[in-house]
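J.: This structure is in structure tokens; I'll ask about it shortly.
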Amino acid sequence: MTTPYSTTTAPARTPAPARFLLLGDSHAGPVGRAAQAARIPFAGGPIGSGRDFTAGFHDLRGNDVVFRDAETEARYRAALDELGVPGLDGLTVPLVCTFGFSAHFVATTENWRIYRTRGGAFPPGFLDSPLFDALVRAAVRDALAFYAHARGLGLRVLAVMPPQRVPGMSDREVFMAAQERVRRAVAELGVEVVDLRARTTDASGLQRPELCEKDDIIHGNLAFGRIILAELLDRGL
């Protein structure tokens with residue numbers, strides 16, 4: 001006699017806890033898509049555009065942050081709800097962030113024309129000067145303040161550098177120099193910078209074509225996101 005199979009309903013599986021909170025602009029999208037494809041649990045994702053996360057985008061409320069844009073704030077709260085915490089100070093997983101690394105926005109050509117000579121070049125040493133450093137830091141001051149606050153809470157914070165794609169609206173020299181200044185400033189705060197340029201660029205210093213989103217002039221694609229995700233996992237996330 002054949003033993004009948006059990007008709008008892010199996011208990012529902014408890015979702016795996018999120019391994020990190022992802023907050024950022026559209027550059028966070030490939031990372032989130034890669035994590036979803038690999039079934040790596042996380043909370044958050046892109047919560048606004050790059051230009052929204054440079055200066056004047058958040059305030060402090062106790063040990064938490066409040067984003068000034070209503071939609072950004074709603075997305076942030078939804079991510080915290082996924083984690084079951086009321087604020088940033090309740091976070092128990094690493095924070096992965098892209099704030100401040102919208103280098104193409106910082107490098108908008110028209111904004112830097114005033115610093116060029118009549119011949120069109122920057123004065124010798126300008127891009128390595130304290131003045132340039134101060135200008136870039138001022139441009140992303142609230143992003144730096146956000147990182148400083150998160151680190152002050154004792155959080156592990158990882159900042160992901162952007163794809164190396166320079167749109168026509170941006171000055172390539174400024175793009176390259178500005179992102180390096182932001183990287184240094186963020187690292188000074190004790191943030192782990194995920195810098196994969198050596199793996200994702202070609203001899204020109206720009207993003208390898210196979211890592212670029214098609215029909216797009218700024219973003220990396222899913223393959224790029226997978227490289228970033230692999231690095232995050234290698235770091236223990």
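Letters A, B, ... mark the chains of the structure tokens in the order given; residue numbers begin at 1 per chain; ligand numbers begin at 1, in order shown.
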Residues of region 11-207 of chain A in alpha helix (DSSP H) according to DSSP, as a PyMOL selection string?
T.: chain A and resi 29-37+70-83+103-106+109-112+130-139+141-152+172-188+197-200
J.: With DSSP run on the backbone, what are the strand (DSSP E or B) residues within chain A? I'd like them as a count of residues only.
T.: 32
J.: What are the nearest atom pairs, with distances in Å to one decimal, for all residues of region 155-193 of chain A that come at most 10 Å from region 198-202 of chain A, using only C-alpha atoms, set out by chain and rising residue number as CSV?
T.:
residue,atom,partner,partner_atom,distance
A:Pro163,CA,A:Thr200,CA,8.1
A:Gln164,CA,A:Thr201,CA,7.1
A:Arg165,CA,A:Thr201,CA,9.6
J.: Could you write out that same residue set with C-alpha atoms as a short mmCIF file (atom, residue, chain, number, x, y, z; two decimals), in the first residue's frame?
T.:
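The resulting result-v2.cif:
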data_model
loop_
_atom_site.label_atom_id
_atom_site.label_comp_id
_atom_site.auth_asym_id
_atom_site.auth_seq_id
_atom_site.Cartn_x
_atom_site.Cartn_y
_atom_site.Cartn_z
CA PRO A 163 29.97 55.16 -13.48
CA GLN A 164 32.68 56.93 -15.42
CA ARG A 165 30.40 58.52 -18.00
#
J.: Near Arg68 (chain A), within 7 Å and counting only C-alpha atoms, which residues show up once chain neighbours fewer than 3 positions away are dropped, as JSON, numbers by chain?
T.: {"A": [57, 58, 73]}
J.: With only C-alpha atoms as the basis for distance, which of A:Ala187, A:Val174, A:Leu88, A:Val160 is at the shortest distance from Pro30 (chain A)?
T.: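 Answer, going by the shortest atom-to-atom distance: A:Val160.
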J.: Ranking A:Glu210, A:Asp234, A:Asp64, A:Glu192 by minimum distance to Leu91 (chain A) and counting only C-alpha atoms, which one comes first?
T.: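 Going through A:Glu210, A:Asp234, A:Asp64, A:Glu192 one by one, the smallest distance to Leu91 (chain A) is for A:Asp64.
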J.: Write out as a PyMOL selection string which residues come within 10 Å of region 220-228 of chain A when counting only C-alpha atoms, dropping same-chain ones fewer than 5 positions away.
T.: chain A and resi 26-35+37-38+160-165+194-196+199-200+207-214+233-234
J.: Taking into account only C-alpha atoms, which residue in the set A:Glu188, A:Asp216, A:Glu231, A:Asp81 is nearest to Tyr147 (chain A)?
T.: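 Between A:Glu188, A:Asp216, A:Glu231, A:Asp81, the residue approaching Tyr147 (chain A) most closely is A:Glu188.
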J.: So how far away is CA of Gln179 (chain A) from CA of Leu21 (chain A), in Å?
T.: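 CA of Gln179 (chain A) lies 22.9 Å from CA of Leu21 (chain A).
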J.: Within 8 Å of Val93 (chain A), counting only C-alpha atoms, which residues qualify if same-chain residues fewer than 3 places away don't, as a PyMOL selection string?
T.: chain A and resi 18-21+155-156
J.: Could you check the closest approach to Arg137 (chain A) for each of A:Phe101, A:Phe42, A:Tyr76, A:Phe67 and tell me which residue wins, using only C-alpha atoms?
T.: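 For Arg137 (chain A), the nearest of the given residues is A:Phe101.
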J.: One decimal, in Å: what's the spacing between CA of Leu60 (chain A) and CA of Leu144 (chain A)?
T.: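 About the pair CA of Leu60 (chain A) and CA of Leu144 (chain A): they are 13.7 Å apart.
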J.: Mind checking which residues fall within 6 Å of Val140 (chain A), counting only C-alpha atoms, ignoring those fewer than 6 positions away in the same chain, and posting them as an MDAnalysis selection string?
T.: chainID A and resid 54:55 100
J.: Kindly indicate which residue among A:His104, A:Arg118, A:Arg235, A:Arg183 lies nearest to Ser170 (chain A), using only C-alpha atoms for the distances.
T.: A:His104
J.: Of the candidates A:Ala79, A:Ala177, A:Ala107, A:Leu237, which shows the shortest atom-to-atom distance to Ser129 (chain A), using only C-alpha atoms?
T.: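 Nearest candidate to Ser129 (chain A) out of A:Ala79, A:Ala177, A:Ala107, A:Leu237: A:Ala177.
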J.: Have a look at CA of Ala143 (chain A) and CA of Ile217 (chain A) and let me know their distance in Å, one decimal.
T.: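 Distance between the two atoms: 23.6 Å.
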